[in-house]
Amino acid sequence: MTAALTYPPRTLGPEQEAMRAEVRAFLQKDYADGGFGRGQEAMARYDVEFSRRWGQAGFIGITWPKKYGGRGLTFLDRYVVTEEALAAGAPVGAHWVADRQSGPLLLKYGTEEQRQRFLPRIVAGEAFFCIGMSEPDSGSDLASVRMSATRTDGGWLLNGTKLWTSLAHICHYMIALVRTSPVNPENRHEGMSQMIVDLNAPGVEVRPVYNLAGEHHFNQEVFTDYFLPDENVVGEIGAGWEQVMSELAYERSGPERILSTFQTLVELVRQVGDNPSEVEARAIGRLTAHLMTLRGMSVSVAGMLADGKMPVTEAALVKDLGTNYCKDVPETARLICPPEDGAGGNSRYEKMLKTATLLAPSLTIQGGTREILRGMIARGLGLR
Amino acid sequence: MRTLILDTAERIFRDICDQTLVDKAEKGEWPAGLWQTLEESGLTQAAVPEEQGGAGGTIGDGLYFLKASGRYVAPLPLAETLIAGVLLAEAGAQVPAGPLTIAPVRPNEIIEFSDGKLSGTATRVPFAQGASAIVVATSAGLAIVDPASVTIERDKSMAGEPRDTVIFDGAPATIVGNASPDRIWQLGALARSVQMAGALEGILAMSVQYVQDRKQFGRALSKFQAVQQSLAAMAGQVAAASSAADVAIEATEAGDPGVSIAVAKARVGEAAGIAAELAHQAHGAIGFTHEYALHQFTRRLWAWRDEFGGEPYWQAEIGRLVAKSGADNLWKFASRT
């Protein structure tokens, strides 16, 4: 009689704890050596040199087969690696998408030649990917993408515009979702395909789109008769929609959806000190209880992925809860521990509070808006 | 074994534990048939070894059974019987048959043991009237008390569940173990978290069914986006509650609950408030009537979330632990490493 989505508890084993020790040791040493700066929303912050060191230490593509440079480990091992990096506030943005979804996509749908061409370079921290899904008139309604790929000798000609592409300006490749045949009003999901775009080839212009904090994170890419060779088509022509949907379980349930504002909580705990008032203790305890529960759910989804399942709805629910939690952290913090110098203050706590507040609006929009996710959950409940 | 326990429990509750039975129980009629069926199936003492009078399962078996009982808001002292059984089994004592309860269930209530007799008063004791034995954490250790030897003043929670005052003055008792009131408090918080998680799954299922059946403006409520979004939000709270409760069950089963019980009670209690509100909104006026079963679930959620420490109590407990362990150890604390 139950309609609820279930998240069976998953215990991390000694292998995962050994992996955690390895990652922590690397991060501690790298940080102590002045290797990286700590911050929030770690996957939006990048440091190309850090990503190289991270890759050379063996932390990218760890679930991938050894013949492509991976370590053949499980999604639970990967979970530990990513959560440790995020909790430490390391700048993982450069390799993030390639590690999380471009690599797994190529493993699932790519050709052997593509795997050999790209995966070892991703693992080494030398090839960075971005996601080319959204367009100026196509945000949540992904099936409305218009960028076209038309057949030409030995490949395809791409025309159109992609938008909101995180870190395209430092990435080497984009996996673009394009229309290879016109819209069929009977089935809007038909006729889409995925292609690997070399962003350094002629015919594509990457332009910055500054966010509300004045930072360059997003980009717009304009394609004009861009030639894409046949060997860069991913999977089947026309099967782009199904392929894209299969990426979403990887994209939505990870530790990045619950740790975006973790450093604000850390600084809040520091600010409050070791003898909190009742109100302070409750607020910190509440935020910690939420975090620990979300982490349990997120580990559970990683376990489902490790078992070969595709928990797309379960992942959507974790993203919905997790991103709302991440927004709750700075709002709660400023109420129980008001920033002394106001919103512009420069103490470590105030800086974290300021960044968390400025990035908060993006959290429930990127990677599927709250409304889209809740629509998916409603479908999972049988309401649609 | 767990699958067998849960399948059996689910079948019994589905067949016997309906709205009418809960209603009668709230009016004071003991659901003897339901109790007898559960006891004969070995479910009421699932977590007690066979040689001590139980079914030989683990504490996890007992707690998942309790979660199933929550999905039907079974109006019986199943949580209290489970806790009493576990405490007696740990003490190496024989577990009596019949419904059991525990005391004290509120902080700062002390039952003194001296010269084979008890003194002191415990308030809000669940189902004291009708229990075959009261298992009491006294100042000198764990004791089994005959309800006939104490004075019981009846009262109820807002869910219509018996919450009695028990005056122990002069009651004879024998110490059988060394469990403290704090242990009852912890197990009580865990049990209520698990029951609430079950009841939350219950109201989600009821709400999903209701919005599919109910038509307004010529279509099912489930076809309105506003309703879909609201039930999806509810599903999120229910999933978080269920997950927090399960994590606490598994940690307790593994013998190392750590902070998981505090996290569960704090998180499930918060989810209970939000989800109950959304369930009532989804049901409209009918859900506010006595005629419809929703209130049997939501009144229990509102009562249970305040028993054995509400969210403020457990949040503050966690918060003090976090503050003590320090900002730079927060991640180790949260990832339990």
# chains A, B, ... in the order shown; residues from 1 in each chain; ligands from 1
$ closest_atom_pairs --of "chain A" --to "chain B" --cutoff "7 Å" --atoms "only C-alpha atoms" --output "JSON lines"
{"residue": "A:Met1", "atom": "CA", "partner": "B:Ala205", "partner_atom": "CA", "distance": 6.5}
{"residue": "A:Thr2", "atom": "CA", "partner": "B:Ala205", "partner_atom": "CA", "distance": 5.4}
{"residue": "A:Ala3", "atom": "CA", "partner": "B:Ala205", "partner_atom": "CA", "distance": 5.1}
{"residue": "A:Ala4", "atom": "CA", "partner": "B:Glu201", "partner_atom": "CA", "distance": 6.1}
{"residue": "A:Leu5", "atom": "CA", "partner": "B:Ala239", "partner_atom": "CA", "distance": 6.1}
{"residue": "A:Thr6", "atom": "CA", "partner": "B:Ala239", "partner_atom": "CA", "distance": 6.5}
{"residue": "A:Tyr7", "atom": "CA", "partner": "B:Ser243", "partner_atom": "CA", "distance": 5.9}
{"residue": "A:Pro9", "atom": "CA", "partner": "B:Val247", "partner_atom": "CA", "distance": 5.7}
{"residue": "A:Ala87", "atom": "CA", "partner": "B:Trp331", "partner_atom": "CA", "distance": 6.7}
{"residue": "A:Val266", "atom": "CA", "partner": "B:Ala327", "partner_atom": "CA", "distance": 5.1}
{"residue": "A:Glu267", "atom": "CA", "partner": "B:Ala327", "partner_atom": "CA", "distance": 6.7}
{"residue": "A:Val269", "atom": "CA", "partner": "B:Ala327", "partner_atom": "CA", "distance": 5.2}
{"residue": "A:Arg270", "atom": "CA", "partner": "B:Ala327", "partner_atom": "CA", "distance": 5.0}
{"residue": "A:Gly273", "atom": "CA", "partner": "B:Ala323", "partner_atom": "CA", "distance": 6.2}
{"residue": "A:Asp274", "atom": "CA", "partner": "B:Ala323", "partner_atom": "CA", "distance": 4.7}
{"residue": "A:Asn275", "atom": "CA", "partner": "B:Ala323", "partner_atom": "CA", "distance": 6.9}
{"residue": "A:Pro276", "atom": "CA", "partner": "B:Arg320", "partner_atom": "CA", "distance": 6.8}
{"residue": "A:Glu278", "atom": "CA", "partner": "B:Ala316", "partner_atom": "CA", "distance": 6.4}
{"residue": "A:Ala281", "atom": "CA", "partner": "B:Gly319", "partner_atom": "CA", "distance": 4.1}
{"residue": "A:Arg282", "atom": "CA", "partner": "B:Ala316", "partner_atom": "CA", "distance": 4.1}
{"residue": "A:Ile284", "atom": "CA", "partner": "B:Gly319", "partner_atom": "CA", "distance": 4.9}
{"residue": "A:Gly285", "atom": "CA", "partner": "B:Gly319", "partner_atom": "CA", "distance": 3.7}
{"residue": "A:Arg286", "atom": "CA", "partner": "B:Gln315", "partner_atom": "CA", "distance": 5.1}
{"residue": "A:Thr288", "atom": "CA", "partner": "B:Ala334", "partner_atom": "CA", "distance": 6.9}
{"residue": "A:Ala289", "atom": "CA", "partner": "B:Val263", "partner_atom": "CA", "distance": 4.8}
{"residue": "A:His290", "atom": "CA", "partner": "B:Arg267", "partner_atom": "CA", "distance": 6.6}
{"residue": "A:Met292", "atom": "CA", "partner": "B:Ala334", "partner_atom": "CA", "distance": 5.7}
{"residue": "A:Thr293", "atom": "CA", "partner": "B:Ala244", "partner_atom": "CA", "distance": 5.4}
{"residue": "A:Met297", "atom": "CA", "partner": "B:Ser243", "partner_atom": "CA", "distance": 6.5}
{"residue": "A:Leu317", "atom": "CA", "partner": "B:Gly236", "partner_atom": "CA", "distance": 6.2}
{"residue": "A:Leu321", "atom": "CA", "partner": "B:Gly236", "partner_atom": "CA", "distance": 6.5}
{"residue": "A:Arg374", "atom": "CA", "partner": "B:Ala232", "partner_atom": "CA", "distance": 5.2}
{"residue": "A:Gly375", "atom": "CA", "partner": "B:Gln229", "partner_atom": "CA", "distance": 6.5}
{"residue": "A:Ile377", "atom": "CA", "partner": "B:Ala232", "partner_atom": "CA", "distance": 5.5}
{"residue": "A:Ala378", "atom": "CA", "partner": "B:Ala232", "partner_atom": "CA", "distance": 5.3}
{"residue": "A:Leu383", "atom": "CA", "partner": "B:Ser222", "partner_atom": "CA", "distance": 5.4}
{"residue": "A:Arg384", "atom": "CA", "partner": "B:Lys223", "partner_atom": "CA", "distance": 6.8}
$ residues_around --residues "A:Pro182" --least-positions-apart "3" --cutoff "10 Å" --atoms "only C-alpha atoms" --output "CSV table (one decimal) with N, CA and C atoms, in the first residue's frame"
chain,number,residue,atom,x,y,z
A,146,ARG,N,16.7,23.5,-30.5
A,146,ARG,CA,16.5,23.8,-31.9
A,146,ARG,C,17.9,23.7,-32.7
A,148,SER,N,20.6,22.7,-34.9
A,148,SER,CA,20.4,21.6,-35.9
A,148,SER,C,21.7,21.0,-36.3
A,179,ARG,N,19.3,18.6,-32.9
A,179,ARG,CA,18.2,18.0,-33.7
A,179,ARG,C,18.8,17.5,-35.0
A,185,PRO,N,5.6,16.8,-34.0
A,185,PRO,CA,4.6,17.2,-33.0
A,185,PRO,C,4.0,16.0,-32.3
A,188,ARG,N,7.7,14.6,-29.5
A,188,ARG,CA,8.8,15.7,-29.5
A,188,ARG,C,10.1,15.1,-29.1
A,190,GLU,N,11.6,12.6,-30.4
A,190,GLU,CA,12.3,12.0,-31.5
A,190,GLU,C,13.2,12.9,-32.2
A,191,GLY,N,14.2,12.4,-32.9
A,191,GLY,CA,15.0,13.2,-33.8
A,191,GLY,C,16.1,14.0,-33.1
A,192,MET,N,16.5,13.6,-31.9
A,192,MET,CA,17.6,14.3,-31.2
A,192,MET,C,18.8,13.4,-31.1
$ residues_around --residues "B:Lys117" --least-positions-apart "3" --cutoff "9 Å" --atoms "only C-alpha atoms" --output "list of chain:residue names"
B:Glu112, B:Phe113, B:Ser114, B:Phe168, B:Asp169, B:Gly170, B:Ala171, B:Pro172, B:Ala173, B:Thr174
$ select_by_dssp --residues "stretch 60-278 of chain B" --states "alpha helix (DSSP H)" --output "PyMOL selection string"
chain B and resi 60-71+78-90+181-213+225-253+260-278
$ select_by_dssp --residues "stretch 139-318 of chain B" --states "strand (DSSP E)" --output "number ranges by chain"
B: 141-145, 151-153, 163-167, 174-177, 215-216, 219-220
$ decode --residues "stretch 291-322 of chain A" --atoms "C-alpha atoms" --output "PDB file, in the first residue's frame"
ATOM      1  CA  LEU A 291      22.662  16.899   6.275  1.00  0.00           C
ATOM      2  CA  MET A 292      23.164  13.442   7.764  1.00  0.00           C
ATOM      3  CA  THR A 293      19.780  12.250   6.526  1.00  0.00           C
ATOM      4  CA  LEU A 294      20.408  13.570   3.024  1.00  0.00           C
ATOM      5  CA  ARG A 295      23.810  11.933   2.982  1.00  0.00           C
ATOM      6  CA  GLY A 296      22.219   8.602   3.905  1.00  0.00           C
ATOM      7  CA  MET A 297      19.793   8.967   0.989  1.00  0.00           C
ATOM      8  CA  SER A 298      22.533  10.042  -1.392  1.00  0.00           C
ATOM      9  CA  VAL A 299      24.740   7.067  -0.416  1.00  0.00           C
ATOM     10  CA  SER A 300      21.727   4.820  -0.904  1.00  0.00           C
ATOM     11  CA  VAL A 301      21.313   6.089  -4.474  1.00  0.00           C
ATOM     12  CA  ALA A 302      25.040   5.540  -5.093  1.00  0.00           C
ATOM     13  CA  GLY A 303      24.458   1.988  -3.911  1.00  0.00           C
ATOM     14  CA  MET A 304      21.617   1.571  -6.414  1.00  0.00           C
ATOM     15  CA  LEU A 305      23.937   2.798  -9.182  1.00  0.00           C
ATOM     16  CA  ALA A 306      26.585   0.349  -7.950  1.00  0.00           C
ATOM     17  CA  ASP A 307      23.967  -2.394  -8.308  1.00  0.00           C
ATOM     18  CA  GLY A 308      23.391  -1.394 -11.920  1.00  0.00           C
ATOM     19  CA  LYS A 309      20.021   0.289 -11.360  1.00  0.00           C
ATOM     20  CA  MET A 310      18.933   3.609 -12.898  1.00  0.00           C
ATOM     21  CA  PRO A 311      17.215   5.393  -9.973  1.00  0.00           C
ATOM     22  CA  VAL A 312      16.216   8.517 -11.911  1.00  0.00           C
ATOM     23  CA  THR A 313      13.204   9.410  -9.721  1.00  0.00           C
ATOM     24  CA  GLU A 314      14.995   8.630  -6.461  1.00  0.00           C
ATOM     25  CA  ALA A 315      17.843  10.861  -7.620  1.00  0.00           C
ATOM     26  CA  ALA A 316      15.440  13.680  -8.547  1.00  0.00           C
ATOM     27  CA  LEU A 317      13.964  13.581  -5.052  1.00  0.00           C
ATOM     28  CA  VAL A 318      17.409  13.788  -3.426  1.00  0.00           C
ATOM     29  CA  LYS A 319      18.272  16.783  -5.594  1.00  0.00           C
ATOM     30  CA  ASP A 320      15.020  18.525  -4.677  1.00  0.00           C
ATOM     31  CA  LEU A 321      15.491  17.996  -0.934  1.00  0.00           C
ATOM     32  CA  GLY A 322      19.251  18.580  -1.052  1.00  0.00           C
TER      33      GLY A 322
END
